[in-house]
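Shown next: target09.tsv, containing TSV, C-alpha atoms.
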chain	number	residue	atom	x	y	z
A	1	MET	CA	-28.45	3.88	1.62
A	2	SER	CA	-25.20	2.39	0.30
A	3	ARG	CA	-22.75	4.72	-1.40
A	4	ILE	CA	-22.42	4.61	-5.16
A	5	PHE	CA	-19.27	4.63	-7.26
A	6	ASN	CA	-19.01	8.15	-8.65
A	7	PHE	CA	-16.85	8.34	-11.80
A	8	SER	CA	-17.34	12.10	-12.16
A	9	ALA	CA	-14.45	14.18	-13.50
A	10	GLY	CA	-15.09	16.66	-10.70
A	11	PRO	CA	-16.37	17.41	-8.18
A	12	ALA	CA	-15.29	13.86	-7.55
A	13	MET	CA	-15.44	11.19	-4.87
A	14	LEU	CA	-13.93	12.04	-1.51
A	15	PRO	CA	-12.53	9.35	0.80
A	16	ALA	CA	-15.30	7.97	3.02
A	17	GLU	CA	-13.01	8.31	6.03
A	18	VAL	CA	-12.65	12.03	5.37
A	19	LEU	CA	-16.40	12.53	5.06
A	20	ALA	CA	-17.01	10.55	8.24
A	21	ARG	CA	-14.51	12.61	10.21
A	22	ALA	CA	-15.92	15.87	8.86
A	23	GLY	CA	-19.37	14.67	9.89
A	24	ASP	CA	-18.19	13.88	13.41
A	25	GLU	CA	-16.66	17.35	13.67
A	26	MET	CA	-19.47	19.25	11.98
A	27	LEU	CA	-21.12	20.72	15.08
A	28	ASP	CA	-18.12	20.91	17.34
A	29	TRP	CA	-14.55	21.03	16.04
A	30	HIS	CA	-12.16	19.76	18.73
A	31	GLY	CA	-14.17	21.13	21.62
A	32	SER	CA	-14.40	24.64	20.18
A	33	GLY	CA	-18.19	24.55	20.33
A	34	MET	CA	-18.52	25.55	16.68
A	35	SER	CA	-18.26	24.19	13.16
A	36	VAL	CA	-15.27	25.00	10.98
A	37	MET	CA	-17.77	26.73	8.68
A	38	GLU	CA	-18.52	29.20	11.46
A	39	MET	CA	-14.93	30.04	12.39
A	40	SER	CA	-13.22	33.34	11.76
A	41	HIS	CA	-10.34	32.88	9.36
A	42	ARG	CA	-8.37	35.15	11.72
A	43	GLY	CA	-9.08	33.06	14.81
A	44	LYS	CA	-6.55	30.73	16.40
A	45	GLU	CA	-8.68	27.66	15.66
A	46	PHE	CA	-8.77	28.14	11.92
A	47	ILE	CA	-5.17	29.36	11.73
A	48	SER	CA	-4.12	26.04	13.25
A	49	ILE	CA	-6.16	24.17	10.61
A	50	TYR	CA	-4.55	26.16	7.81
A	51	GLU	CA	-1.01	25.78	9.14
A	52	GLU	CA	-1.38	22.04	9.56
A	53	ALA	CA	-2.84	21.65	6.06
A	54	GLU	CA	0.09	23.54	4.53
A	55	ARG	CA	2.64	21.48	6.49
A	56	ASP	CA	1.01	18.24	5.39
A	57	LEU	CA	0.86	19.33	1.75
A	58	ARG	CA	4.52	20.37	1.80
A	59	GLN	CA	5.47	17.01	3.29
A	60	LEU	CA	3.30	14.98	0.88
A	61	ALA	CA	4.59	16.70	-2.25
A	62	SER	CA	8.15	17.27	-0.99
A	63	ILE	CA	7.83	21.00	-1.68
A	64	PRO	CA	11.16	22.84	-1.28
A	65	ALA	CA	11.42	25.76	1.14
A	66	ASN	CA	11.92	28.27	-1.69
A	67	TYR	CA	8.41	27.63	-3.01
A	68	LYS	CA	5.29	29.37	-1.76
A	69	VAL	CA	2.11	27.35	-1.26
A	70	LEU	CA	-1.08	29.30	-1.88
A	71	PHE	CA	-4.68	28.26	-1.15
A	72	LEU	CA	-6.73	30.39	-3.54
A	73	GLN	CA	-10.20	30.66	-5.06
A	74	GLY	CA	-11.50	30.95	-8.61
A	75	GLY	CA	-10.55	27.49	-9.81
A	76	ALA	CA	-7.81	26.63	-12.28
A	77	THR	CA	-9.68	28.78	-14.81
A	78	LEU	CA	-8.83	31.98	-12.94
A	79	GLN	CA	-5.17	30.94	-13.09
A	80	PHE	CA	-5.31	31.18	-16.88
A	81	ALA	CA	-5.29	34.97	-16.36
A	82	GLN	CA	-3.48	35.14	-13.04
A	83	ILE	CA	-0.37	33.41	-14.37
A	84	PRO	CA	0.44	35.89	-17.16
A	85	MET	CA	-0.42	38.77	-14.81
A	86	ASN	CA	2.23	37.56	-12.38
A	87	LEU	CA	4.86	35.78	-14.47
A	88	LEU	CA	5.32	37.83	-17.62
A	89	HIS	CA	7.64	40.26	-15.84
A	90	GLY	CA	7.30	42.70	-18.73
A	91	LYS	CA	8.47	40.24	-21.40
A	92	GLY	CA	5.21	40.15	-23.35
A	93	LYS	CA	5.72	36.57	-24.59
A	94	ALA	CA	4.69	33.18	-23.23
A	95	ASP	CA	4.64	29.73	-24.83
A	96	TYR	CA	1.91	27.14	-24.51
A	97	VAL	CA	1.56	23.45	-25.33
A	98	LEU	CA	-1.82	22.64	-26.88
A	99	THR	CA	-3.06	19.17	-25.94
A	100	GLY	CA	-6.81	19.54	-25.42
A	101	GLU	CA	-9.69	21.65	-24.25
A	102	TRP	CA	-8.09	22.95	-21.06
A	103	SER	CA	-4.82	24.05	-22.63
A	104	LYS	CA	-6.88	25.62	-25.42
A	105	LYS	CA	-8.77	27.69	-22.85
A	106	ALA	CA	-5.51	28.69	-21.15
A	107	ILE	CA	-4.08	29.94	-24.47
A	108	LYS	CA	-7.22	31.91	-25.29
A	109	GLU	CA	-7.08	33.69	-21.93
A	110	ALA	CA	-3.34	34.37	-22.12
A	111	LYS	CA	-3.76	36.12	-25.46
A	112	ASN	CA	-5.50	38.92	-23.58
A	113	TYR	CA	-2.19	39.68	-21.85
A	114	CYS	CA	0.65	38.67	-24.13
A	115	ASP	CA	1.89	37.07	-27.32
A	116	ALA	CA	0.89	33.50	-26.48
A	117	ALA	CA	2.51	31.15	-29.00
A	118	VAL	CA	1.93	27.41	-29.42
A	119	ALA	CA	5.19	25.58	-28.73
A	120	ALA	CA	3.74	22.14	-29.49
A	121	SER	CA	0.36	20.71	-30.37
A	122	SER	CA	-1.42	17.37	-30.65
A	123	GLU	CA	-4.41	18.82	-32.49
A	124	ASP	CA	-3.32	17.01	-35.66
A	125	ARG	CA	-4.49	13.73	-34.09
A	126	ASN	CA	-7.52	15.05	-32.22
A	127	PHE	CA	-5.58	15.55	-28.97
A	128	THR	CA	-4.88	11.84	-28.47
A	129	TYR	CA	-1.19	12.05	-27.52
A	130	ALA	CA	1.30	14.16	-25.58
A	131	PRO	CA	3.80	15.91	-27.92
A	132	LYS	CA	7.41	15.39	-26.88
A	133	GLU	CA	9.11	17.97	-29.13
A	134	TRP	CA	8.50	21.54	-28.05
A	135	LYS	CA	9.72	24.68	-29.84
A	136	VAL	CA	10.08	27.07	-26.93
A	137	ARG	CA	11.21	30.64	-27.51
A	138	PRO	CA	14.19	31.45	-25.28
A	139	ASP	CA	12.86	34.95	-24.65
A	140	ALA	CA	9.42	33.78	-23.52
A	141	ALA	CA	8.58	34.40	-19.87
A	142	TYR	CA	7.44	30.81	-19.28
A	143	VAL	CA	6.11	27.70	-21.02
A	144	HIS	CA	2.74	26.33	-19.91
A	145	TYR	CA	1.27	22.87	-20.38
A	146	CYS	CA	-1.61	20.84	-19.00
A	147	SER	CA	0.05	17.78	-17.51
A	148	ASN	CA	-3.19	15.78	-17.53
A	149	GLU	CA	-6.01	16.69	-19.89
A	150	THR	CA	-9.19	15.71	-18.05
A	151	ILE	CA	-11.45	15.61	-21.09
A	152	GLY	CA	-9.20	13.77	-23.53
A	153	GLY	CA	-7.49	11.50	-21.02
A	154	VAL	CA	-3.92	12.39	-22.07
A	155	GLU	CA	-1.19	12.53	-19.42
A	156	PHE	CA	2.47	13.52	-19.46
A	157	HIS	CA	4.16	10.78	-17.44
A	158	ALA	CA	7.53	12.53	-17.16
A	159	THR	CA	8.37	16.13	-16.40
A	160	PRO	CA	9.34	17.94	-19.62
A	161	LYS	CA	12.67	19.75	-19.72
A	162	ALA	CA	12.56	23.51	-20.16
A	163	GLU	CA	15.18	26.25	-20.10
A	164	ILE	CA	12.59	28.82	-19.01
A	165	PRO	CA	10.13	28.53	-16.09
A	166	LEU	CA	7.83	25.54	-16.56
A	167	VAL	CA	4.19	26.04	-15.59
A	168	ALA	CA	1.80	23.10	-15.19
A	169	ASP	CA	-1.96	22.88	-14.91
A	170	ALA	CA	-1.96	19.66	-12.88
A	171	SER	CA	-5.59	19.83	-11.81
A	172	SER	CA	-6.75	16.32	-12.60
A	173	HIS	CA	-3.70	14.37	-11.45
A	174	PHE	CA	-2.42	16.57	-8.64
A	175	LEU	CA	-1.29	14.36	-5.71
A	176	SER	CA	-1.96	11.16	-7.65
A	177	ARG	CA	1.79	10.43	-7.78
A	178	PRO	CA	5.05	11.98	-6.54
A	179	ILE	CA	5.79	15.47	-7.90
A	180	GLU	CA	9.20	16.84	-9.00
A	181	VAL	CA	8.38	20.32	-7.74
A	182	SER	CA	11.89	21.72	-8.18
A	183	LYS	CA	11.63	21.26	-11.97
A	184	TYR	CA	8.72	23.71	-12.15
A	185	GLY	CA	8.35	27.42	-11.83
A	186	LEU	CA	4.68	27.04	-10.91
A	187	ILE	CA	2.18	24.21	-10.46
A	188	TYR	CA	-1.53	24.86	-10.05
A	189	ALA	CA	-4.54	22.63	-9.53
A	190	GLY	CA	-8.18	22.74	-8.60
A	191	ALA	CA	-8.84	20.65	-5.50
A	192	GLN	CA	-12.02	18.93	-6.65
A	193	LYS	CA	-10.38	15.94	-8.34
A	194	ASN	CA	-7.99	14.39	-5.82
A	195	ALA	CA	-7.46	16.86	-3.02
A	196	GLY	CA	-10.72	18.22	-1.66
A	197	PRO	CA	-14.00	19.88	-2.62
A	198	ALA	CA	-14.69	22.49	-5.26
A	199	GLY	CA	-13.85	26.07	-4.32
A	200	LEU	CA	-10.17	25.63	-3.48
A	201	THR	CA	-7.22	26.03	-5.85
A	202	PHE	CA	-3.60	25.21	-5.04
A	203	VAL	CA	-0.72	27.24	-6.43
A	204	ILE	CA	2.87	26.16	-5.76
A	205	VAL	CA	5.20	28.85	-7.06
A	206	ARG	CA	8.95	29.44	-6.88
A	207	GLU	CA	9.65	32.40	-4.67
A	208	ASP	CA	11.86	34.30	-7.13
A	209	LEU	CA	9.03	34.40	-9.69
A	210	ILE	CA	6.64	36.45	-7.56
A	211	GLY	CA	6.65	40.09	-6.59
A	212	LYS	CA	6.67	41.43	-10.17
A	213	ALA	CA	2.97	41.45	-11.03
A	214	ALA	CA	1.89	43.58	-13.98
A	215	LYS	CA	0.51	47.03	-13.30
A	216	GLY	CA	-3.23	46.84	-12.80
A	217	THR	CA	-3.21	43.30	-11.37
A	218	PRO	CA	-6.02	43.09	-8.81
A	219	THR	CA	-4.72	42.84	-5.25
A	220	VAL	CA	-6.22	39.39	-4.63
A	221	MET	CA	-4.55	38.11	-7.84
A	222	ASP	CA	-1.04	39.18	-6.86
A	223	TYR	CA	0.83	36.05	-5.77
A	224	LYS	CA	3.28	38.01	-3.61
A	225	LEU	CA	0.53	39.77	-1.69
A	226	GLN	CA	-1.34	36.50	-1.20
A	227	ALA	CA	1.84	34.76	-0.03
A	228	ASP	CA	2.58	37.54	2.44
A	229	ALA	CA	-0.97	37.26	3.79
A	230	ASP	CA	-0.93	33.43	4.06
A	231	SER	CA	-3.57	33.25	1.29
A	232	MET	CA	-5.94	35.33	3.42
A	233	LEU	CA	-6.03	38.78	1.85
A	234	ASN	CA	-9.77	38.29	1.93
A	235	THR	CA	-11.91	35.57	3.49
A	236	PRO	CA	-10.63	32.29	1.99
A	237	ALA	CA	-12.57	29.11	1.27
A	238	THR	CA	-12.20	28.02	4.88
A	239	TYR	CA	-14.26	24.82	4.85
A	240	ALA	CA	-12.71	23.64	1.59
A	241	MET	CA	-9.26	24.22	3.13
A	242	TYR	CA	-10.27	22.16	6.17
A	243	ILE	CA	-11.52	19.26	4.03
A	244	GLY	CA	-8.37	19.48	1.92
A	245	GLY	CA	-6.33	19.16	5.10
A	246	LEU	CA	-8.25	16.01	6.06
A	247	VAL	CA	-7.59	14.57	2.59
A	248	PHE	CA	-3.85	15.23	3.04
A	249	LYS	CA	-3.93	13.31	6.33
A	250	TRP	CA	-5.76	10.44	4.63
A	251	MET	CA	-3.04	10.33	1.96
A	252	LYS	CA	-0.29	10.31	4.57
A	253	GLN	CA	-1.98	7.47	6.43
A	254	ALA	CA	-2.26	5.58	3.13
A	255	GLY	CA	1.52	5.69	2.78
A	256	GLY	CA	2.09	8.96	0.93
A	257	LEU	CA	2.18	9.67	-2.78
A	258	ALA	CA	4.36	6.67	-3.67
A	259	ALA	CA	1.76	4.31	-2.20
A	260	ILE	CA	-1.10	6.31	-3.75
A	261	GLU	CA	0.60	6.02	-7.13
A	262	GLN	CA	0.80	2.22	-6.88
A	263	ARG	CA	-2.93	2.04	-6.13
A	264	ASN	CA	-3.66	4.25	-9.11
A	265	LEU	CA	-1.47	2.17	-11.39
A	266	GLU	CA	-3.35	-0.97	-10.36
A	267	LYS	CA	-6.74	0.61	-11.06
A	268	ALA	CA	-5.69	2.03	-14.41
A	269	LYS	CA	-4.12	-1.27	-15.52
A	270	LEU	CA	-7.29	-3.16	-14.69
A	271	LEU	CA	-9.41	-0.90	-16.89
A	272	TYR	CA	-6.95	-0.43	-19.77
A	273	ASP	CA	-6.18	-4.16	-19.95
A	274	PHE	CA	-9.86	-4.83	-20.48
A	275	LEU	CA	-10.15	-2.09	-23.11
A	276	ASP	CA	-7.17	-3.46	-25.01
A	277	ARG	CA	-8.65	-6.96	-25.08
A	278	SER	CA	-12.07	-5.77	-26.17
A	279	SER	CA	-13.23	-5.41	-29.77
A	280	PHE	CA	-16.38	-3.63	-28.60
A	281	PHE	CA	-14.93	-0.85	-26.44
A	282	ARG	CA	-12.11	1.45	-27.52
A	283	ASN	CA	-9.79	4.00	-25.92
A	284	PRO	CA	-8.46	6.52	-28.49
A	285	VAL	CA	-5.32	7.70	-26.63
A	286	ALA	CA	-1.77	6.63	-27.53
A	287	LYS	CA	-0.83	3.90	-25.06
A	288	GLU	CA	2.27	5.65	-23.74
A	289	ASP	CA	0.26	8.82	-22.97
A	290	ARG	CA	-2.86	7.38	-21.39
A	291	SER	CA	-4.08	9.09	-18.26
A	292	ARG	CA	-4.24	7.10	-15.06
A	293	MET	CA	-6.98	9.40	-13.80
A	294	ASN	CA	-9.37	9.96	-16.72
A	295	VAL	CA	-10.17	7.09	-19.07
A	296	PRO	CA	-12.34	7.97	-22.09
A	297	PHE	CA	-13.81	5.12	-24.11
A	298	THR	CA	-16.34	4.58	-26.86
A	299	LEU	CA	-18.68	1.78	-27.83
A	300	LYS	CA	-18.60	0.16	-31.26
A	301	ASP	CA	-22.17	1.38	-31.74
A	302	GLU	CA	-22.74	4.82	-30.19
A	303	LYS	CA	-26.50	4.24	-30.28
A	304	LEU	CA	-25.93	1.94	-27.31
A	305	ASP	CA	-24.44	4.73	-25.19
A	306	PRO	CA	-27.72	5.57	-23.38
A	307	VAL	CA	-28.35	1.87	-22.73
A	308	PHE	CA	-24.85	1.46	-21.29
A	309	LEU	CA	-25.17	4.51	-19.05
A	310	LYS	CA	-28.60	3.49	-17.77
A	311	GLY	CA	-27.35	0.00	-16.94
A	312	ALA	CA	-24.33	1.41	-15.14
A	313	GLU	CA	-26.52	3.65	-13.01
A	314	GLU	CA	-28.74	0.72	-12.09
A	315	ARG	CA	-25.60	-1.01	-10.83
A	316	GLY	CA	-24.51	1.91	-8.66
A	317	MET	CA	-22.08	3.58	-11.09
A	318	VAL	CA	-22.74	7.19	-12.11
A	319	GLN	CA	-21.25	10.10	-14.07
A	320	LEU	CA	-19.78	7.89	-16.82
A	321	LYS	CA	-21.00	10.04	-19.69
A	322	GLY	CA	-18.14	11.55	-21.69
A	323	HIS	CA	-17.61	15.27	-22.02
A	324	ARG	CA	-19.97	16.91	-24.50
A	325	SER	CA	-17.05	17.95	-26.73
A	326	VAL	CA	-15.89	14.37	-27.36
A	327	GLY	CA	-18.88	12.15	-26.54
A	328	GLY	CA	-18.69	8.50	-25.56
A	329	MET	CA	-17.92	7.59	-21.98
A	330	ARG	CA	-15.29	8.58	-19.45
A	331	ALA	CA	-14.32	6.95	-16.17
A	332	SER	CA	-12.47	9.25	-13.79
A	333	ILE	CA	-10.71	7.03	-11.29
A	334	TYR	CA	-9.11	9.48	-8.87
A	335	ASN	CA	-7.39	8.66	-5.59
A	336	ALA	CA	-10.62	8.10	-3.65
A	337	MET	CA	-12.04	5.62	-6.17
A	338	PRO	CA	-11.41	2.15	-4.70
A	339	LEU	CA	-10.24	-0.80	-6.78
A	340	GLU	CA	-13.63	-2.35	-6.11
A	341	GLY	CA	-15.29	0.42	-8.13
A	342	VAL	CA	-13.08	-0.15	-11.16
A	343	GLN	CA	-13.60	-3.91	-10.88
A	344	ARG	CA	-17.37	-3.41	-10.86
A	345	LEU	CA	-17.11	-1.26	-13.97
A	346	VAL	CA	-14.96	-3.80	-15.82
A	347	ASP	CA	-17.32	-6.65	-14.86
A	348	TYR	CA	-20.26	-4.64	-16.17
A	349	MET	CA	-18.44	-3.75	-19.41
A	350	ARG	CA	-17.57	-7.40	-19.96
A	351	ASP	CA	-21.21	-8.43	-19.39
A	352	PHE	CA	-22.47	-5.61	-21.64
A	353	GLU	CA	-20.16	-6.68	-24.45
A	354	ALA	CA	-21.32	-10.29	-24.14
A	355	ARG	CA	-24.96	-9.19	-24.47
A	356	HIS	CA	-24.56	-6.49	-27.15
A	357	GLY	CA	-21.25	-7.13	-28.89
Show how you would write the structure in this file as structure tokens.
Amino acid sequence: MSRIFNFSAGPAMLPAEVLARAGDEMLDWHGSGMSVMEMSHRGKEFISIYEEAERDLRQLASIPANYKVLFLQGGATLQFAQIPMNLLHGKGKADYVLTGEWSKKAIKEAKNYCDAAVAASSEDRNFTYAPKEWKVRPDAAYVHYCSNETIGGVEFHATPKAEIPLVADASSHFLSRPIEVSKYGLIYAGAQKNAGPAGLTFVIVREDLIGKAAKGTPTVMDYKLQADADSMLNTPATYAMYIGGLVFKWMKQAGGLAAIEQRNLEKAKLLYDFLDRSSFFRNPVAKEDRSRMNVPFTLKDEKLDPVFLKGAEERGMVQLKGHRSVGGMRASIYNAMPLEGVQRLVDYMRDFEARHG
């Protein structure tokens, strides 16, 4: 059976080379006589896997030495609570930028722990742009934003300036381009878009921000305790960490994040150029804020949506249905999506428009 092109927003495509290597090592990892799934997280075999994965991630993302790298569980959603628990430092205030469904969820969760104020919002235009003017309170503990909104397809292409610690939910474009880590207090991301399978969450946090968790914070949610235990206070998501490590190696072999970014730019340009020329398909996002990773689009006649999706599936392209909150279609074209997949989609869209437009 030939592999399909999976445009899912996550869990998403993994590089074929990574899957092939994991398959080769499934029964016997490097002569150990066991699968990584069977290893003790305290054993020397798995410790070596973890240490190599962290080194590769630090090298890929140019993470400074004064930042801790955590491999956690619970997804980015758990971070909505874990961040205020760890970063409020008794201040009781935090600011949030509202640009879509995921930042909306983060704000809702934060309100359980503090005065969470909206510093900027794009709700006035149905979350179709990235607001540039933020009103951040100087006495807030941090300002949080979602640097790429998966559902709406809005991306911040430059790192915003902030006088207080900047926190980013980078889940759906993490490792899709170089990262200016030193400009952030904390960056977090679920792995299942660009960096591995579901079940693993990355947290990159400046060292001086941890160690002051609020009273009552569960042990496994205390960043300092997790950092001191190498993310292994309890049994971690060992196999997901192993696959993530293989993905990091694949990225390094591809030329690093600068080379990955160029590939992503080429894919995004191919799809957006077609959308801009079409009178039948439409992308609602402001051009300067369009996501390179998640491309929502609508048909001129939404009654044709099921026909479009069925035809795409027949041509080996799946998971193109848009999120239920916005409808239409969405193509997620993460790192592992080859240019060939985007070209097949564009060719199909062009043919569909000729037949139905």
Nearest residue to Tyr113 in chain A from the set A:Gly322, A:Gly216, A:Gly74, A:Gly185 (distances using only C-alpha atoms) = A:Gly216
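In this model, the gap between CA of Gly245 in chain A and CA of Val18 in chain A comes to 9.5 Å.
Of the residues under consideration (A:Ala170, A:Val307, A:Ala240, A:Leu60), A:Ala240 shows the shortest atom-to-atom contact distance to Val36 in chain A when counting only C-alpha atoms.
Across the model, the gap from CA of Thr238 in chain A to CA of Ala168 in chain A is 25.0 Å.
Excluding Asp56 in chain A itself and same-chain residues fewer than 5 positions from it, the residues having an atom within 10 Å of it are Tyr50, Glu51, Ala61, Ser62, Gly245, Leu246, Val247, Phe248, Lys249, Met251 and Lys252 of chain A, counting all atoms listed in the file.
Between CA of Leu186 in chain A and CA of Ala198 in chain A the interatomic distance comes to 20.7 Å.
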Give me the residues within 12 Å of range 117-127 of chain A as a PyMOL selection string, counting all atoms listed in the file and dropping any in the same chain fewer than 5 places off.
-> chain A and resi 92-104+106-108+110-111+132-146+148-155+162+284-286+289-290+325-326
Store the residues picked out above, limited to C-alpha atoms, as a PDB file, in the coordinates of the input.
ATOM      1  CA  GLY A  92       5.210  40.150 -23.350  1.00  0.00           C
ATOM      2  CA  LYS A  93       5.720  36.570 -24.590  1.00  0.00           C
ATOM      3  CA  ALA A  94       4.690  33.180 -23.230  1.00  0.00           C
ATOM      4  CA  ASP A  95       4.640  29.730 -24.830  1.00  0.00           C
ATOM      5  CA  TYR A  96       1.910  27.140 -24.510  1.00  0.00           C
ATOM      6  CA  VAL A  97       1.560  23.450 -25.330  1.00  0.00           C
ATOM      7  CA  LEU A  98      -1.820  22.640 -26.880  1.00  0.00           C
ATOM      8  CA  THR A  99      -3.060  19.170 -25.940  1.00  0.00           C
ATOM      9  CA  GLY A 100      -6.810  19.540 -25.420  1.00  0.00           C
ATOM     10  CA  GLU A 101      -9.690  21.650 -24.250  1.00  0.00           C
ATOM     11  CA  TRP A 102      -8.090  22.950 -21.060  1.00  0.00           C
ATOM     12  CA  SER A 103      -4.820  24.050 -22.630  1.00  0.00           C
ATOM     13  CA  LYS A 104      -6.880  25.620 -25.420  1.00  0.00           C
ATOM     14  CA  ALA A 106      -5.510  28.690 -21.150  1.00  0.00           C
ATOM     15  CA  ILE A 107      -4.080  29.940 -24.470  1.00  0.00           C
ATOM     16  CA  LYS A 108      -7.220  31.910 -25.290  1.00  0.00           C
ATOM     17  CA  ALA A 110      -3.340  34.370 -22.120  1.00  0.00           C
ATOM     18  CA  LYS A 111      -3.760  36.120 -25.460  1.00  0.00           C
ATOM     19  CA  LYS A 132       7.410  15.390 -26.880  1.00  0.00           C
ATOM     20  CA  GLU A 133       9.110  17.970 -29.130  1.00  0.00           C
ATOM     21  CA  TRP A 134       8.500  21.540 -28.050  1.00  0.00           C
ATOM     22  CA  LYS A 135       9.720  24.680 -29.840  1.00  0.00           C
ATOM     23  CA  VAL A 136      10.080  27.070 -26.930  1.00  0.00           C
ATOM     24  CA  ARG A 137      11.210  30.640 -27.510  1.00  0.00           C
ATOM     25  CA  PRO A 138      14.190  31.450 -25.280  1.00  0.00           C
ATOM     26  CA  ASP A 139      12.860  34.950 -24.650  1.00  0.00           C
ATOM     27  CA  ALA A 140       9.420  33.780 -23.520  1.00  0.00           C
ATOM     28  CA  ALA A 141       8.580  34.400 -19.870  1.00  0.00           C
ATOM     29  CA  TYR A 142       7.440  30.810 -19.280  1.00  0.00           C
ATOM     30  CA  VAL A 143       6.110  27.700 -21.020  1.00  0.00           C
ATOM     31  CA  HIS A 144       2.740  26.330 -19.910  1.00  0.00           C
ATOM     32  CA  TYR A 145       1.270  22.870 -20.380  1.00  0.00           C
ATOM     33  CA  CYS A 146      -1.610  20.840 -19.000  1.00  0.00           C
ATOM     34  CA  ASN A 148      -3.190  15.780 -17.530  1.00  0.00           C
ATOM     35  CA  GLU A 149      -6.010  16.690 -19.890  1.00  0.00           C
ATOM     36  CA  THR A 150      -9.190  15.710 -18.050  1.00  0.00           C
ATOM     37  CA  ILE A 151     -11.450  15.610 -21.090  1.00  0.00           C
ATOM     38  CA  GLY A 152      -9.200  13.770 -23.530  1.00  0.00           C
ATOM     39  CA  GLY A 153      -7.490  11.500 -21.020  1.00  0.00           C
ATOM     40  CA  VAL A 154      -3.920  12.390 -22.070  1.00  0.00           C
ATOM     41  CA  GLU A 155      -1.190  12.530 -19.420  1.00  0.00           C
ATOM     42  CA  ALA A 162      12.560  23.510 -20.160  1.00  0.00           C
ATOM     43  CA  PRO A 284      -8.460   6.520 -28.490  1.00  0.00           C
ATOM     44  CA  VAL A 285      -5.320   7.700 -26.630  1.00  0.00           C
ATOM     45  CA  ALA A 286      -1.770   6.630 -27.530  1.00  0.00           C
ATOM     46  CA  ASP A 289       0.260   8.820 -22.970  1.00  0.00           C
ATOM     47  CA  ARG A 290      -2.860   7.380 -21.390  1.00  0.00           C
ATOM     48  CA  SER A 325     -17.050  17.950 -26.730  1.00  0.00           C
ATOM     49  CA  VAL A 326     -15.890  14.370 -27.360  1.00  0.00           C
TER      50      VAL A 326
END
Within 12 Å of Ala229 in chain A, counting all atoms listed in the file, which residues show up once you throw out same-chain ones fewer than 2 positions away? Write them as a VMD selection string, please.
-> chain A and resid 41 to 42 47 68 to 72 219 to 220 222 to 227 231 to 236
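Neighbours of Ala22 in chain A closer than or equal to 10 Å, with only C-alpha atoms counted and sequence neighbours fewer than 6 positions away skipped, come out as Ala16, Trp29, Ser35, Val36, Tyr239, Tyr242, Ile243 and Leu246 of chain A.
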Taking all atoms listed in the file into account, produce a table as JSON lines in which each residue of range 130-211 of chain A with an atom at most 7 Å from an atom of range 255-258 of chain A appears once, together with its shortest atom pair and the distance in Å to one decimal, ordered by chain and rising number.
{"residue": "A:Leu175", "atom": "CA", "partner": "A:Leu257", "partner_atom": "CA", "distance": 6.5}
{"residue": "A:Ser176", "atom": "CA", "partner": "A:Leu257", "partner_atom": "CA", "distance": 6.6}
{"residue": "A:Arg177", "atom": "CA", "partner": "A:Leu257", "partner_atom": "CA", "distance": 5.1}
{"residue": "A:Pro178", "atom": "CA", "partner": "A:Leu257", "partner_atom": "CA", "distance": 5.3}
Which protein, DNA or RNA residues have an atom at most 6 Å from (-3.3, 8.2, -12.6), counting only C-alpha atoms? List them as a ChimeraX atom specification.
-> /A:176,264,291-293
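Among the candidates A:Tyr184, A:Phe280, A:Phe274, A:Phe174, the residue lying nearest to Glu261 in chain A is A:Phe174 (atoms considered: all atoms listed in the file).
Excluding Ala9 in chain A itself and any same-chain residue fewer than 3 positions from it, the protein and nucleic acid residues within 8 Å of it, counting only C-alpha atoms, are Ala12, Thr150, Lys193, Asn294, Gln319, Ala331 and Ser332 of chain A.
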